[in-house]
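Visitor: Provided below: final.cif, containing mmCIF, C-alpha atoms and all ligand atoms.
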```
data_target
loop_
_atom_site.label_atom_id
_atom_site.label_comp_id
_atom_site.auth_asym_id
_atom_site.auth_seq_id
_atom_site.Cartn_x
_atom_site.Cartn_y
_atom_site.Cartn_z
CA MET A 1 4.24 29.27 29.69
CA GLU A 2 4.74 31.33 32.79
CA LYS A 3 1.38 31.43 34.58
CA ILE A 4 2.27 34.20 37.02
CA LYS A 5 4.10 37.30 35.83
CA VAL A 6 5.52 39.86 38.20
CA SER A 7 6.33 43.51 37.56
CA ASP A 8 6.89 46.74 39.49
CA PHE A 9 3.67 48.49 40.45
CA GLY A 10 4.62 51.58 42.44
CA ILE A 11 6.41 52.93 45.47
CA THR A 12 4.58 53.83 48.68
CA GLN A 13 5.27 57.03 50.62
CA GLU A 14 7.28 54.90 53.05
CA GLY A 15 9.47 53.79 50.15
CA ASP A 16 8.21 50.22 49.75
CA GLN A 17 8.43 48.88 46.22
CA ILE A 18 5.08 47.25 45.52
CA LYS A 19 4.83 44.47 42.94
CA LYS A 20 2.02 43.45 40.67
CA TYR A 21 1.32 39.75 40.02
CA ILE A 22 -0.67 38.72 36.98
CA VAL A 23 -2.10 35.22 37.10
CA THR A 24 -3.50 33.83 33.85
CA ASN A 25 -5.45 30.61 33.39
CA LYS A 26 -5.66 28.38 30.32
CA ASN A 27 -8.72 30.24 29.02
CA GLY A 28 -6.97 33.60 29.12
CA MET A 29 -8.80 34.82 32.23
CA LYS A 30 -6.57 37.11 34.30
CA VAL A 31 -6.33 38.38 37.85
CA GLU A 32 -3.95 41.15 38.82
CA ILE A 33 -2.98 41.34 42.48
CA ILE A 34 -0.65 43.74 44.28
CA ASN A 35 1.15 42.94 47.51
CA TYR A 36 -0.15 46.19 49.01
CA GLY A 37 -3.35 45.29 50.88
CA GLY A 38 -3.51 42.04 48.89
CA ILE A 39 -5.58 44.10 46.48
CA VAL A 40 -7.14 42.59 43.38
CA ILE A 41 -6.75 45.50 40.98
CA SER A 42 -8.21 43.72 37.96
CA LEU A 43 -10.11 40.50 37.30
CA THR A 44 -11.44 39.53 33.91
CA ALA A 45 -14.44 37.36 33.08
CA PRO A 46 -15.97 36.26 29.78
CA ASN A 47 -19.30 37.37 28.34
CA ARG A 48 -21.54 35.14 26.21
CA LYS A 49 -19.35 35.74 23.17
CA GLY A 50 -16.24 34.71 25.08
CA ASN A 51 -14.91 38.27 25.42
CA TYR A 52 -12.96 38.75 28.64
CA LYS A 53 -13.38 42.10 30.39
CA ASP A 54 -12.34 43.53 33.74
CA VAL A 55 -15.22 43.19 36.23
CA VAL A 56 -13.82 44.80 39.41
CA LEU A 57 -13.60 48.46 40.30
CA GLY A 58 -10.26 50.07 40.94
CA PHE A 59 -8.16 53.20 40.57
CA VAL A 60 -6.47 54.49 37.45
CA ASN A 61 -3.40 55.77 39.33
CA PRO A 62 -1.36 53.22 41.30
CA GLU A 63 -0.65 55.74 44.13
CA ASP A 64 -4.36 56.04 44.87
CA TYR A 65 -4.35 52.47 46.20
CA PHE A 66 -1.73 53.60 48.73
CA ASN A 67 -3.29 56.89 49.80
CA GLU A 68 -6.95 57.08 48.84
CA ASN A 69 -8.46 53.65 49.29
CA SER A 70 -11.18 54.55 51.80
CA TYR A 71 -13.42 52.41 49.58
CA PHE A 72 -11.33 49.29 50.38
CA PHE A 73 -11.24 48.52 46.63
CA GLY A 74 -10.33 44.86 46.06
CA ALA A 75 -8.54 44.47 49.39
CA ILE A 76 -8.12 41.80 52.02
CA ILE A 77 -9.94 43.08 55.07
CA GLY A 78 -8.62 42.30 58.57
CA ARG A 79 -8.05 41.84 61.40
CA PHE A 80 -11.80 42.23 61.73
CA ALA A 81 -14.07 42.87 58.75
CA ASN A 82 -17.20 44.98 59.26
CA ARG A 83 -18.07 47.04 62.33
CA ILE A 84 -17.32 46.66 66.02
CA ALA A 85 -19.57 48.94 68.08
CA HIS A 86 -17.76 51.79 69.86
CA GLY A 87 -14.47 50.20 68.78
CA LYS A 88 -14.54 48.16 71.95
CA PHE A 89 -14.77 44.53 72.98
CA SER A 90 -13.72 42.33 75.84
CA LEU A 91 -11.97 39.00 75.74
CA ASN A 92 -11.37 36.85 78.81
CA GLY A 93 -12.36 39.74 81.08
CA LYS A 94 -9.99 42.27 79.49
CA ILE A 95 -11.28 45.29 77.57
CA PHE A 96 -9.66 46.25 74.26
CA ASN A 97 -10.08 49.61 72.54
CA LEU A 98 -9.71 49.69 68.79
CA ASN A 99 -9.12 52.54 66.36
CA LYS A 100 -12.49 54.28 65.75
CA ASN A 101 -12.43 55.01 62.04
CA ASN A 102 -16.16 55.03 61.29
CA GLY A 103 -17.80 57.61 63.56
CA GLU A 104 -17.99 55.97 66.99
CA ASN A 105 -17.28 52.55 65.52
CA HIS A 106 -14.41 50.48 64.24
CA LEU A 107 -14.67 49.41 60.57
CA HIS A 108 -12.68 46.89 58.54
CA GLY A 109 -9.68 46.65 60.84
CA GLY A 110 -9.14 50.39 61.31
CA ASP A 111 -7.44 53.19 59.37
CA ASN A 112 -4.33 51.05 59.12
CA GLY A 113 -6.05 47.72 58.64
CA PHE A 114 -4.74 44.89 56.49
CA PHE A 115 -5.82 46.77 53.34
CA THR A 116 -2.93 49.20 53.96
CA LYS A 117 -0.21 46.65 54.69
CA VAL A 118 2.69 45.50 52.58
CA TRP A 119 2.32 41.71 52.32
CA THR A 120 5.11 39.26 51.58
CA ALA A 121 4.30 37.64 48.27
CA GLU A 122 5.44 34.24 47.02
CA ILE A 123 4.52 32.54 43.78
CA VAL A 124 3.63 28.94 44.59
CA PRO A 125 5.80 26.94 42.09
CA ASN A 126 3.99 25.32 39.14
CA SER A 127 0.65 26.71 40.16
CA GLN A 128 -1.77 29.54 39.53
CA THR A 129 -1.56 30.48 43.19
CA LEU A 130 -0.16 33.59 44.80
CA LYS A 131 0.63 33.33 48.51
CA LEU A 132 0.55 36.51 50.60
CA SER A 133 1.64 36.70 54.24
CA TYR A 134 1.46 39.40 56.84
CA ILE A 135 2.41 39.47 60.51
CA SER A 136 0.25 41.84 62.54
CA LYS A 137 1.99 42.89 65.75
CA ASP A 138 0.47 42.57 69.20
CA GLY A 139 -1.50 45.79 69.81
CA GLU A 140 -1.80 46.81 66.14
CA GLU A 141 -4.94 48.96 65.76
CA GLY A 142 -5.71 47.91 69.37
CA TYR A 143 -5.98 44.14 68.78
CA PRO A 144 -4.33 41.70 71.18
CA GLY A 145 -1.80 39.11 70.07
CA GLU A 146 0.66 38.77 67.21
CA LEU A 147 -1.36 37.38 64.32
CA THR A 148 0.29 35.62 61.40
CA THR A 149 -1.98 35.61 58.36
CA THR A 150 -1.56 33.86 55.03
CA VAL A 151 -3.87 34.33 52.08
CA PHE A 152 -3.72 32.15 48.97
CA TYR A 153 -5.29 33.55 45.80
CA THR A 154 -5.78 30.83 43.15
CA LEU A 155 -7.13 31.37 39.66
CA THR A 156 -8.47 28.01 38.49
CA ASP A 157 -8.85 26.77 34.92
CA GLN A 158 -12.60 26.61 35.65
CA ASN A 159 -12.64 30.45 35.82
CA ALA A 160 -12.86 30.72 39.59
CA LEU A 161 -10.90 32.97 41.91
CA GLU A 162 -10.43 30.98 45.10
CA ILE A 163 -9.36 32.75 48.26
CA TYR A 164 -8.06 30.65 51.12
CA TYR A 165 -7.21 32.38 54.40
CA GLU A 166 -5.21 30.98 57.30
CA ALA A 167 -4.07 32.57 60.57
CA THR A 168 -2.48 31.76 63.92
CA THR A 169 -1.95 33.85 67.03
CA ASP A 170 0.30 33.89 70.09
CA GLN A 171 -2.44 35.29 72.40
CA PRO A 172 -6.22 35.02 72.36
CA THR A 173 -7.56 37.46 69.77
CA ILE A 174 -10.47 38.01 67.40
CA ILE A 175 -10.46 37.55 63.65
CA ASN A 176 -12.81 38.00 60.69
CA LEU A 177 -11.19 38.18 57.27
CA THR A 178 -12.89 38.99 54.00
CA HIS A 179 -12.32 40.26 50.48
CA HIS A 180 -13.63 43.61 49.27
CA SER A 181 -13.82 43.59 45.47
CA TYR A 182 -16.60 45.68 43.95
CA PHE A 183 -18.05 43.68 41.07
CA ASN A 184 -19.61 45.21 38.00
CA LEU A 185 -20.30 42.40 35.54
CA SER A 186 -21.15 44.81 32.72
CA GLY A 187 -17.44 45.64 32.42
CA ASP A 188 -18.35 49.33 32.16
CA PHE A 189 -17.65 51.00 35.50
CA SER A 190 -19.59 54.14 34.69
CA LYS A 191 -22.77 52.04 34.78
CA GLN A 192 -24.71 51.28 37.93
CA ILE A 193 -25.04 47.67 39.06
CA VAL A 194 -28.78 48.04 39.69
CA ASP A 195 -29.53 46.12 36.47
CA HIS A 196 -27.71 43.06 37.89
CA GLU A 197 -29.83 40.27 39.33
CA LEU A 198 -28.89 38.99 42.74
CA GLN A 199 -29.73 35.78 44.54
CA ILE A 200 -28.79 35.07 48.18
CA ASN A 201 -29.26 31.75 49.96
CA ALA A 202 -30.58 33.24 53.16
CA GLU A 203 -33.90 33.29 54.98
CA GLN A 204 -32.77 36.02 57.37
CA PHE A 205 -30.68 39.19 57.50
CA ILE A 206 -29.37 41.41 60.28
CA PRO A 207 -31.18 44.74 60.63
CA ILE A 208 -28.92 47.68 61.55
CA ASN A 209 -29.26 50.76 63.73
CA LYS A 210 -28.48 54.30 62.56
CA SER A 211 -24.74 53.71 62.79
CA SER A 212 -24.92 50.37 60.94
CA ILE A 213 -24.47 48.24 64.06
CA PRO A 214 -26.68 45.11 64.29
CA GLU A 215 -29.98 45.47 66.07
CA ASN A 216 -30.90 42.75 68.50
CA ASP A 217 -32.94 40.37 66.37
CA PHE A 218 -32.42 38.79 63.00
CA LYS A 219 -35.26 39.41 60.59
CA ASN A 220 -36.89 37.12 58.03
CA VAL A 221 -36.33 38.35 54.49
CA ALA A 222 -39.81 37.21 53.39
CA GLU A 223 -41.97 40.15 52.33
CA THR A 224 -39.12 42.64 52.67
CA PRO A 225 -36.82 44.28 50.09
CA PHE A 226 -34.15 41.94 51.49
CA ASP A 227 -35.72 38.88 49.93
CA PHE A 228 -33.24 37.57 47.34
CA ARG A 229 -34.13 33.91 47.74
CA ASN A 230 -34.92 33.96 44.02
CA PHE A 231 -33.02 36.06 41.49
CA LYS A 232 -34.21 39.66 41.64
CA ALA A 233 -32.94 42.78 39.87
CA ILE A 234 -31.25 45.08 42.37
CA TRP A 235 -33.19 48.15 41.15
CA LYS A 236 -36.46 46.42 41.98
CA ASP A 237 -36.56 47.24 45.70
CA ILE A 238 -33.42 49.28 46.45
CA ASP A 239 -35.23 52.61 46.51
CA THR A 240 -38.24 51.34 48.45
CA LYS A 241 -39.27 53.49 51.39
CA ASN A 242 -37.81 51.22 54.00
CA GLU A 243 -36.00 52.32 57.14
CA GLN A 244 -33.27 49.67 56.77
CA LEU A 245 -32.47 50.72 53.21
CA GLN A 246 -32.60 54.41 54.09
CA ARG A 247 -30.11 53.92 56.93
CA ALA A 248 -27.52 52.60 54.48
CA ASN A 249 -28.52 54.44 51.27
CA GLY A 250 -29.22 51.02 49.79
CA TYR A 251 -28.05 47.51 50.65
CA ASP A 252 -25.26 47.34 53.20
CA HIS A 253 -26.37 44.43 55.35
CA CYS A 254 -25.30 41.01 56.47
CA TRP A 255 -27.41 38.03 55.41
CA ILE A 256 -27.41 34.87 57.55
CA LEU A 257 -26.50 32.15 55.07
CA ASN A 258 -28.47 28.92 55.10
CA GLY A 259 -26.60 25.77 56.07
CA ASN A 260 -23.03 25.11 57.17
CA GLY A 261 -19.71 24.22 55.61
CA MET A 262 -18.70 24.99 52.04
CA ARG A 263 -21.92 25.88 50.25
CA SER A 264 -23.39 28.33 47.77
CA ALA A 265 -23.92 31.78 49.26
CA GLY A 266 -25.64 33.14 46.16
CA SER A 267 -25.10 34.54 42.70
CA LEU A 268 -24.91 37.74 40.74
CA TYR A 269 -26.06 37.81 37.12
CA HIS A 270 -25.88 40.39 34.35
CA SER A 271 -28.31 39.36 31.62
CA GLU A 272 -27.06 41.77 28.95
CA THR A 273 -23.56 40.25 28.86
CA GLY A 274 -24.47 36.83 30.25
CA ARG A 275 -21.80 37.12 32.96
CA LYS A 276 -22.64 35.18 36.12
CA LEU A 277 -20.78 35.07 39.41
CA ASP A 278 -21.48 32.32 41.95
CA VAL A 279 -20.12 32.77 45.45
CA TRP A 280 -19.20 29.75 47.58
CA THR A 281 -18.10 30.00 51.18
CA ASP A 282 -17.81 28.25 54.53
CA GLN A 283 -18.60 31.48 56.42
CA PRO A 284 -21.86 32.08 58.33
CA GLY A 285 -22.73 35.38 56.65
CA ILE A 286 -22.37 37.61 53.62
CA GLN A 287 -22.31 41.40 53.73
CA VAL A 288 -23.83 42.71 50.53
CA TYR A 289 -22.82 46.32 49.94
CA SER A 290 -24.28 48.03 46.88
CA GLY A 291 -21.53 50.66 46.66
CA ASN A 292 -23.75 53.31 48.25
CA PHE A 293 -20.89 55.48 49.43
CA LEU A 294 -18.88 55.60 46.23
CA ASP A 295 -18.68 59.36 45.84
CA GLY A 296 -17.71 60.18 42.27
CA LYS A 297 -14.31 61.47 43.37
CA PHE A 298 -12.25 59.21 41.12
CA GLU A 299 -12.13 58.31 37.45
CA THR A 300 -12.89 54.63 36.85
CA LYS A 301 -10.67 52.30 34.83
CA THR A 302 -13.19 52.38 31.97
CA GLY A 303 -13.96 56.11 32.08
CA GLY A 304 -16.58 58.11 33.96
CA LYS A 305 -16.61 58.54 37.73
CA ASN A 306 -16.84 56.02 40.56
CA ASN A 307 -20.40 57.06 41.33
CA PRO A 308 -22.74 55.44 43.90
CA ARG A 309 -23.90 51.92 43.03
CA THR A 310 -21.36 51.33 40.27
CA GLY A 311 -20.05 48.25 42.09
CA ILE A 312 -21.32 45.61 44.50
CA CYS A 313 -19.30 43.87 47.22
CA LEU A 314 -20.09 40.31 48.23
CA GLU A 315 -18.17 40.01 51.48
CA THR A 316 -18.31 36.55 53.04
CA GLN A 317 -17.67 36.78 56.76
CA HIS A 318 -18.76 36.39 60.38
CA PHE A 319 -21.52 38.68 61.59
CA PRO A 320 -20.78 42.34 62.35
CA ASP A 321 -20.02 43.22 65.97
CA SER A 322 -19.66 39.51 66.82
CA PRO A 323 -17.09 40.17 69.58
CA ASN A 324 -19.85 41.95 71.54
CA ARG A 325 -22.64 39.43 70.85
CA ASP A 326 -22.73 36.24 72.86
CA SER A 327 -25.43 34.76 70.63
CA PHE A 328 -23.36 35.12 67.41
CA PRO A 329 -20.86 32.42 66.37
CA SER A 330 -17.50 32.95 68.08
CA VAL A 331 -14.75 34.92 66.34
CA GLU A 332 -12.10 34.19 68.95
CA LEU A 333 -8.81 32.65 67.87
CA LYS A 334 -6.66 31.05 70.55
CA PRO A 335 -2.97 30.15 70.49
CA GLY A 336 -2.54 26.67 69.02
CA GLU A 337 -5.66 26.98 66.86
CA ILE A 338 -5.62 27.56 63.12
CA TYR A 339 -8.15 29.95 61.61
CA SER A 340 -8.91 28.74 58.11
CA THR A 341 -11.63 29.70 55.69
CA LYS A 342 -12.29 29.65 51.98
CA THR A 343 -14.40 31.65 49.55
CA VAL A 344 -14.75 30.98 45.84
CA TYR A 345 -15.83 33.51 43.22
CA GLN A 346 -16.86 31.33 40.29
CA PHE A 347 -17.50 32.97 36.91
CA SER A 348 -19.57 31.54 34.08
CA VAL A 349 -22.04 32.62 31.40
CA LYS A 350 -25.76 32.00 31.18
C1 LIG A 401 -19.27 48.37 54.52
C2 LIG A 401 -19.82 49.73 54.26
C3 LIG A 401 -18.68 50.68 54.08
C4 LIG A 401 -17.86 50.21 52.94
C5 LIG A 401 -16.70 51.09 52.70
C6 LIG A 401 -18.46 47.99 53.33
O1 LIG A 401 -17.94 46.72 53.49
O2 LIG A 401 -20.28 47.43 54.75
O3 LIG A 401 -20.66 50.15 55.29
O4 LIG A 401 -19.15 51.98 53.84
O5 LIG A 401 -17.42 48.90 53.17
O6 LIG A 401 -16.27 50.94 51.43
#
```
Here is the file; what I need is its structure written in the form of structure tokens.

Guide:
Amino acid sequence: MEKIKVSDFGITQEGDQIKKYIVTNKNGMKVEIINYGGIVISLTAPNRKGNYKDVVLGFVNPEDYFNENSYFFGAIIGRFANRIAHGKFSLNGKIFNLNKNNGENHLHGGDNGFFTKVWTAEIVPNSQTLKLSYISKDGEEGYPGELTTTVFYTLTDQNALEIYYEATTDQPTIINLTHHSYFNLSGDFSKQIVDHELQINAEQFIPINKSSIPENDFKNVAETPFDFRNFKAIWKDIDTKNEQLQRANGYDHCWILNGNGMRSAGSLYHSETGRKLDVWTDQPGIQVYSGNFLDGKFETKTGGKNNPRTGICLETQHFPDSPNRDSFPSVELKPGEIYSTKTVYQFSVK
């Protein structure tokens, strides 16, 4: 049986024919990926009864992915995920100015970040892996160096979506890639995710200023609404009178993950359906975004509107504004080096 099926998805305003790739595993779990933005437009997961349902937010109309995806639904985010203060950084004594697409700041690679690019797709023979490549030109969105990026999406027979990223550059540059699916394990996208329980393997998080740029010191999660060391329902503390939560209308913060190397970042659990998602990564942080700025403008795939908090992003990554913070782990990529990182979204039932 063919494990990856390809079909036409839509045509961009620039006239590019975008394809849709459907990867199916032996259990019948499916992921649908388009080569525009490397976007996961659908991903199914089983409930306790073994019923597979779509668990990621997306648009109903294909064209909306091309023109309206300010939410970054399901996309690969690059060249630099999260915010860079004032859209500015320096590397080896040279200052670089990036596209400011989030007030004064640069967010998720800019208006024309990787989520808007047409990627070259290849089906890896005899596998459940889709390979996507994109060459970002020197100077694109203000970044130095020609960056060649490859992303491998693999759907395993153990019901995991594995994302492996690789990149090389011809000049020193900065890089921070992530994936921006909004999960809603209920399978009903008109419902808020506040009834989901979340667990994050982190003792500390990064407080933000009024424009969501890191403040100077990391903060312990203990005795704050940011304590997810044990499973906790999202509704429990999200509306607490807390300056950090008020600044973001909910959770939109980076947690400093415990440990190094490939390890568990945390889990999301929906008790009603039994669906559980475990996130594994080798990255230092995870941005947890509770869909605070979903604005009800679009119909969801299961009816109703894409209202606030109807999806949650679990974005594994380096810390926001790293290029401007000497104390944060380096995000520089030099010629001759290979950037490589992996994140696994593992589904199960409990
Ligand atoms: C960011 C949010 C931003 C959102 C846009 C998230 O990754 O952390 O601040 O509003 O993306 O969809």

Visitor: Determine the nearest neighbour of A:Arg325 from the options A:Asp252, A:Asp8, A:Glu203, A:Glu215, counting only C-alpha atoms.

Guide: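 Looking at the shortest contact to A:Arg325, the residue is A:Glu215.
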
Visitor: Which residues sit within 8 Å of ligand LIG 401 (chain A), counting only C-alpha atoms and all ligand atoms, listed as a PyMOL selection string?

Guide: chain A and resi 70-73+81-83+107-108+180+212+248+252-253+287-289+291-294+313+315

Visitor: With only C-alpha atoms as the counted atoms, please give the residues lying no more than 10 Å from A:Ile234, apart from itself and same-chain residues fewer than 4 positions off, as a PyMOL selection string.

Guide: chain A and resi 193-199+225+228+238-239+250-251+268+290

Visitor: From the set A:Asn112, A:Asn69, A:Asn159, A:Gln13, which residue has the shortest atom-to-atom contact distance to A:Lys30, counting all atoms listed in the file?

Guide: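 Closest residue, counting all atoms listed in the file: A:Asn159.
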
Visitor: Could you give me, as an mmCIF file with C-alpha atoms, in the coordinates of the input, the residues within 10 Å of stretch 137-149 of chain A, counting all atoms listed in the file and dropping anything in the same chain fewer than 5 positions from it?

Guide:
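Result written to selection.cif:
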```cif
data_model
loop_
_atom_site.group_PDB
_atom_site.id
_atom_site.type_symbol
_atom_site.label_atom_id
_atom_site.label_comp_id
_atom_site.auth_asym_id
_atom_site.auth_seq_id
_atom_site.Cartn_x
_atom_site.Cartn_y
_atom_site.Cartn_z
ATOM 1 C CA GLY A 78 -8.620 42.300 58.570
ATOM 2 C CA ARG A 79 -8.050 41.840 61.400
ATOM 3 C CA PHE A 80 -11.800 42.230 61.730
ATOM 4 C CA GLY A 87 -14.470 50.200 68.780
ATOM 5 C CA LYS A 88 -14.540 48.160 71.950
ATOM 6 C CA PHE A 89 -14.770 44.530 72.980
ATOM 7 C CA LEU A 91 -11.970 39.000 75.740
ATOM 8 C CA PHE A 96 -9.660 46.250 74.260
ATOM 9 C CA ASN A 97 -10.080 49.610 72.540
ATOM 10 C CA LEU A 98 -9.710 49.690 68.790
ATOM 11 C CA ASN A 99 -9.120 52.540 66.360
ATOM 12 C CA LYS A 100 -12.490 54.280 65.750
ATOM 13 C CA HIS A 106 -14.410 50.480 64.240
ATOM 14 C CA GLY A 109 -9.680 46.650 60.840
ATOM 15 C CA GLY A 110 -9.140 50.390 61.310
ATOM 16 C CA ASP A 111 -7.440 53.190 59.370
ATOM 17 C CA ASN A 112 -4.330 51.050 59.120
ATOM 18 C CA GLY A 113 -6.050 47.720 58.640
ATOM 19 C CA PHE A 114 -4.740 44.890 56.490
ATOM 20 C CA TRP A 119 2.320 41.710 52.320
ATOM 21 C CA LEU A 132 0.550 36.510 50.600
ATOM 22 C CA TYR A 165 -7.210 32.380 54.400
ATOM 23 C CA GLU A 166 -5.210 30.980 57.300
ATOM 24 C CA ALA A 167 -4.070 32.570 60.570
ATOM 25 C CA THR A 168 -2.480 31.760 63.920
ATOM 26 C CA THR A 169 -1.950 33.850 67.030
ATOM 27 C CA ASP A 170 0.300 33.890 70.090
ATOM 28 C CA GLN A 171 -2.440 35.290 72.400
ATOM 29 C CA PRO A 172 -6.220 35.020 72.360
ATOM 30 C CA THR A 173 -7.560 37.460 69.770
ATOM 31 C CA ILE A 174 -10.470 38.010 67.400
ATOM 32 C CA ILE A 175 -10.460 37.550 63.650
ATOM 33 C CA LEU A 177 -11.190 38.180 57.270
ATOM 34 C CA LEU A 333 -8.810 32.650 67.870
ATOM 35 C CA LYS A 334 -6.660 31.050 70.550
ATOM 36 C CA PRO A 335 -2.970 30.150 70.490
ATOM 37 C CA TYR A 339 -8.150 29.950 61.610
ATOM 38 C CA SER A 340 -8.910 28.740 58.110
#
```

Visitor: What's the separation between atom CA of A:Gln158 and atom CA of A:Gly28, in Å to one decimal place?

Guide: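 Distance reported for this atom pair: 11.1 Å.
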
Visitor: So, counting only C-alpha atoms, which residue among A:Asn126, A:Ser186, A:Thr24, A:Asn324 is closest to A:Leu277?

Guide: A:Ser186

Visitor: So how many Å separate atom CA of A:Gly259 and atom CA of A:Lys232, to one decimal?

Guide: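 Going from atom CA of A:Gly259 over to atom CA of A:Lys232, I get 21.4 Å.
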
Visitor: Give me, as a PyMOL selection string, all polymer residues having an atom no more than 7 Å from A:Gln192, counting all atoms listed in the file and skipping those fewer than 2 positions away in the same chain.

Guide: chain A and resi 190+194+309-311

Visitor: Write a file of the selected residues as a PDB file, keeping the file's coordinate frame, keeping C-alpha atoms.

Guide:
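Listed below is the output, again.pdb:
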```
ATOM      1  CA  SER A 190     -19.590  54.140  34.690  1.00  0.00           C
ATOM      2  CA  VAL A 194     -28.780  48.040  39.690  1.00  0.00           C
ATOM      3  CA  ARG A 309     -23.900  51.920  43.030  1.00  0.00           C
ATOM      4  CA  THR A 310     -21.360  51.330  40.270  1.00  0.00           C
ATOM      5  CA  GLY A 311     -20.050  48.250  42.090  1.00  0.00           C
TER       6      GLY A 311
END
```

Visitor: Kindly give the distance, in Å, that separates atom CA of A:Leu185 and atom CA of A:Ile33, rounded to a single decimal.

Guide: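 It comes out at 18.7 Å.
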
Visitor: Would you kindly place all heavy atoms on stretch 37-42 of chain A and return the model as an mmCIF file, in the frame of the given file?

Guide:
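The file below, selection_16.cif, is the result:
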```cif
data_model
loop_
_atom_site.group_PDB
_atom_site.id
_atom_site.type_symbol
_atom_site.label_atom_id
_atom_site.label_comp_id
_atom_site.auth_asym_id
_atom_site.auth_seq_id
_atom_site.Cartn_x
_atom_site.Cartn_y
_atom_site.Cartn_z
ATOM 1 N N GLY A 37 -1.964 45.584 50.529
ATOM 2 C CA GLY A 37 -3.350 45.290 50.880
ATOM 3 C C GLY A 37 -3.887 43.997 50.287
ATOM 4 O O GLY A 37 -5.058 43.684 50.437
ATOM 5 N N GLY A 38 -3.035 43.247 49.569
ATOM 6 C CA GLY A 38 -3.510 42.040 48.890
ATOM 7 C C GLY A 38 -4.620 42.386 47.908
ATOM 8 O O GLY A 38 -5.570 41.627 47.722
ATOM 9 N N ILE A 39 -4.482 43.548 47.285
ATOM 10 C CA ILE A 39 -5.580 44.100 46.480
ATOM 11 C C ILE A 39 -5.654 43.485 45.086
ATOM 12 O O ILE A 39 -4.652 43.427 44.370
ATOM 13 C CB ILE A 39 -5.451 45.641 46.365
ATOM 14 C CG1 ILE A 39 -5.533 46.272 47.766
ATOM 15 C CG2 ILE A 39 -6.507 46.227 45.438
ATOM 16 C CD1 ILE A 39 -5.258 47.767 47.789
ATOM 17 N N VAL A 40 -6.858 43.032 44.741
ATOM 18 C CA VAL A 40 -7.140 42.590 43.380
ATOM 19 C C VAL A 40 -7.449 43.859 42.591
ATOM 20 O O VAL A 40 -8.476 44.500 42.819
ATOM 21 C CB VAL A 40 -8.343 41.613 43.347
ATOM 22 C CG1 VAL A 40 -8.812 41.369 41.915
ATOM 23 C CG2 VAL A 40 -7.968 40.303 44.026
ATOM 24 N N ILE A 41 -6.543 44.241 41.704
ATOM 25 C CA ILE A 41 -6.750 45.500 40.980
ATOM 26 C C ILE A 41 -7.455 45.283 39.646
ATOM 27 O O ILE A 41 -7.943 46.222 39.042
ATOM 28 C CB ILE A 41 -5.433 46.287 40.784
ATOM 29 C CG1 ILE A 41 -4.431 45.486 39.952
ATOM 30 C CG2 ILE A 41 -4.815 46.670 42.122
ATOM 31 C CD1 ILE A 41 -3.307 46.355 39.414
ATOM 32 N N SER A 42 -7.518 44.028 39.211
ATOM 33 C CA SER A 42 -8.210 43.720 37.960
ATOM 34 C C SER A 42 -8.539 42.230 37.934
ATOM 35 O O SER A 42 -7.758 41.402 38.420
ATOM 36 C CB SER A 42 -7.296 44.100 36.786
ATOM 37 O OG SER A 42 -7.780 43.550 35.583
#
```
